[in-house]
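Asks: Below is the structure I would like to discuss, written out as structure tokens.
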Amino acid sequence: MEILIEKLRRREPLIWINGNYDLEKAEESSPFSMDSVYQAEEVLNDYAPVLRKLFPELESSKGIIESPLLTVNTMYNDFIPPGHLLLKADHLLPVSGSIKARGGIFAVLKVVDRIAERENIFQKDRKFTLSESAKNIFSNYRIAVGSTGNLGLSIGIAGRAFGFSVEVHMSSDAKAWKKVLLRRIGADVVEYDSDYTAACEAARVSAQQDNSVYFIDDENSTDLFLGYSVAALRLRKQLDELHITVSGEHPLFVYLPCGVGGAPGGITFALKQLFGNTVHCFFAEPVDAPAMTLGLVTEKYKDISIRDIGLSGYTAADGLAVGRPSGFVSLLMKRYLDGAYTLPDKDLFYYLARLYDTEGYKVEPSAAAGCAGPVLFNTSDEGRGYLEQKGIEDQNIIHVIWSTGGSMEPQAEFEKNYTKGCS
């Protein structure tokens with residue numbers, strides 16, 4: 001452990017394999033079940049007609065918020081067999097353009113649900129229509145959230161569409177264009193010179209002082225977690241449509257960029273429910289902010305910060321720039337997560353440019369973190385050792401890179417990042 005901590009302190013890229021992984025023990029202690037995931041999907045389905053009316057971009061999907069699963073064959077100069085590399089394109093998710101759309105909008109819908117129940121807004125059979133009178137009722141309530149950017153966008157866009165006041169507490173890492181967009185739709189943006197953890201705590205304290213405020217807690221929200229988990233159900237359906245069967249002989253390797261952990265944790269939990277030990281989930285973090293890896297390696301979880309080992313947390317991957325992981329997610333991942341890896345910002349820019357040059361997809365730096373996974377497990381000693389230990393032939397792996405955001409990024413911002421990647 002000390003060697004790993006020293007590597008993290010020195011900002012050395014690494015692969016960490018979770019020695020505590022044990023799916024059977026994870027299932028015994030988990031506070032969630034697959035029923036929880038199906039119930040979350042049902043909520044999203046129930047509100048789909050309302051979302052369809054609110055957001056024209058959901059017309060073709062009839063109100064379902066989902067991204068395509070794309071085949072990628074040329075990104076790595078073909079050293080991965082054709083058809084074995086897939087991109088779960090959450091950078092194309094409608095409404096808010098990132099992985100946070102599912103969880104964030106689900107969390108807003110849960111607030112809508114609670115208020116509609118209390119205010120007797122529901123029609124017969126709990127049918128809900130967003131009438132002007134309903135929006136007037138919601139305007140008496142405020143939703144607050146702490147965010148580095150994308151969750152704030154998701155909560156802000158959805159919350160304002162339903163008529164809520166929205167207050168987004170944003171860390172110094174948050175991109176200026178995200179703050180501008182939030183203010184443009186009428187959200188209140190509270191800025192901090194400190195990091196995400198401090199912004200989130202300030203939002204939490206502010207919400208406790210007013211009973212009309214609903215705080216969506218990125219560090220502790222089970223609603224967010226379960227909203228994110230629905231993505232696993234959608235991924236399974238998309239794999240079926242591509243006639244891809246996941247098995248011990250043809251395992252699924254999934255690479256998920258990780259900040260505080262809610263989104264990748266929810267997806268990992270549900271994927272393990274669906275595919276068991278035939279899916280291998282790895283979190284990707286920047287070397288400057290490896291909060292989840294540090295929490296899991298030390299088994300201190302949320303009780304250790306990257307600053308405790310001298311790291312600044314400053315990274316171009318604003319969505320991953322957190323000092324501490326979620327407490328409940330990191331504890332859950334102790335048994336569910338197969339491992340993690342870290343990479344420097346220069347690699348994020350490189351893969352961002354590479355993905356655009358070979359496939360034409362525009363992603364944010366943080367969303368490019370998953371692109372390193374297939375390379376590491378084909379070329380590094382640690383990656384090759386993991387495959388050997390598991391008895392996995394690399395040519396049989398189905399790789400899924402999870403691209404987590406980017407479609408709402410201004411063109412000038414993308415071009416700046418692309419230029420860095422090309423250099």
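Convention: chains lettered A, B, ... in structure tokens order; per-chain residue numbering from 1; ligands numbered from 1 as shown.
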Taking only region 179-356 of chain A into account, list the residues labelled strand (DSSP E) by DSSP (computed from the backbone), as a short mmCIF file (atom, residue, chain, number, x, y, z; two decimals) with C-alpha atoms, in the first residue's frame.

Replies:
data_model
loop_
_atom_site.label_atom_id
_atom_site.label_comp_id
_atom_site.auth_asym_id
_atom_site.auth_seq_id
_atom_site.Cartn_x
_atom_site.Cartn_y
_atom_site.Cartn_z
CA ASP A 188 -28.31 31.23 -9.38
CA VAL A 189 -24.61 30.39 -9.49
CA VAL A 190 -22.63 30.70 -6.26
CA GLU A 191 -18.88 30.66 -6.93
CA VAL A 213 -34.90 23.96 -0.35
CA TYR A 214 -34.19 20.47 -1.68
CA PHE A 215 -30.46 19.70 -1.65
CA ILE A 216 -29.29 17.14 -4.21
CA LEU A 252 -16.81 -6.97 -21.01
CA PHE A 253 -14.23 -4.38 -19.88
CA VAL A 254 -15.73 -0.99 -19.00
CA TYR A 255 -13.67 2.17 -18.44
CA LEU A 256 -15.43 4.92 -16.48
CA PRO A 257 -14.06 8.40 -15.69
CA VAL A 279 -17.87 -7.65 -16.59
CA HIS A 280 -14.73 -5.89 -15.39
CA CYS A 281 -15.15 -2.25 -14.33
CA PHE A 282 -12.29 0.22 -13.97
CA PHE A 283 -12.40 3.84 -12.86
CA ALA A 284 -10.18 6.40 -14.59
CA GLU A 285 -8.84 9.41 -12.66
CA PRO A 286 -6.32 12.20 -13.32
CA GLY A 339 -9.68 -1.60 -10.18
CA ALA A 340 -8.67 1.86 -11.31
CA TYR A 341 -5.99 3.70 -13.22
CA THR A 342 -4.62 7.24 -13.25
CA LEU A 343 -3.29 9.31 -16.13
#

Asks: Find the spatial neighbours of Ser139 (chain A), counting only C-alpha atoms, within a cut-off of 7 Å - ignore same-chain residues fewer than 4 positions away - and output them as a count of residues only.

Replies: 4

Asks: Need to verify the contact set: Ser407 (chain A), 7 Å, only C-alpha atoms, exclusion of same-chain residues closer than 4 positions in sequence. Can you return it as a list in words?

Replies: His91, Leu92, Gly97, Lys362 and Val363 of chain A

Asks: Would you mind writing down, as number ranges by chain, each residue of region 167-276 of chain A that DSSP on the backbone assigns to alpha helix (DSSP H)?

Replies: A: 176-184, 196-208, 222-241, 262-275

Asks: Can you pull out every residue within 10 Å of Pro344 (chain A), counting only C-alpha atoms, but drop anything in the same chain fewer than 5 positions away, and send it as a PDB file with C-alpha atoms, in the first residue's frame?

Replies:
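Heads up, here's the output in out.pdb:
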ATOM      1  CA  ARG A  11       1.653  11.801  -9.609  1.00  0.00           C
ATOM      2  CA  GLU A  12       2.888   8.677 -11.364  1.00  0.00           C
ATOM      3  CA  PRO A  13       0.349   7.062 -13.702  1.00  0.00           C
ATOM      4  CA  GLU A 285      -8.844   9.407 -12.663  1.00  0.00           C
ATOM      5  CA  PRO A 286      -6.317  12.199 -13.322  1.00  0.00           C
ATOM      6  CA  VAL A 287      -2.995  11.902 -11.499  1.00  0.00           C
ATOM      7  CA  ASP A 288      -3.702  15.258  -9.845  1.00  0.00           C
ATOM      8  CA  ALA A 289      -7.045  14.176  -8.343  1.00  0.00           C
ATOM      9  CA  THR A 315      -6.586  19.268 -13.490  1.00  0.00           C
ATOM     10  CA  ALA A 316      -8.037  20.106 -16.893  1.00  0.00           C
ATOM     11  CA  ALA A 317     -10.567  17.336 -16.209  1.00  0.00           C
ATOM     12  CA  PHE A 349      -5.672  15.911 -24.382  1.00  0.00           C
ATOM     13  CA  ALA A 369     -10.040   9.449 -19.512  1.00  0.00           C
TER      14      ALA A 369
END

Asks: Give the answer as one residue: which of A:Arg114, A:Ser67, A:Pro56, A:Val72 has the shortest atom-to-atom distance to Leu86 (chain A), using only C-alpha atoms?

Replies: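 Among the listed residues, the smallest separation from Leu86 (chain A) belongs to A:Val72.
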
Asks: Find the spatial neighbours of Ser194 (chain A), counting only C-alpha atoms, within a cut-off of 10 Å - ignore same-chain residues fewer than 4 positions away - and output them as number ranges by chain.

Replies: A: 170-173, 198-199
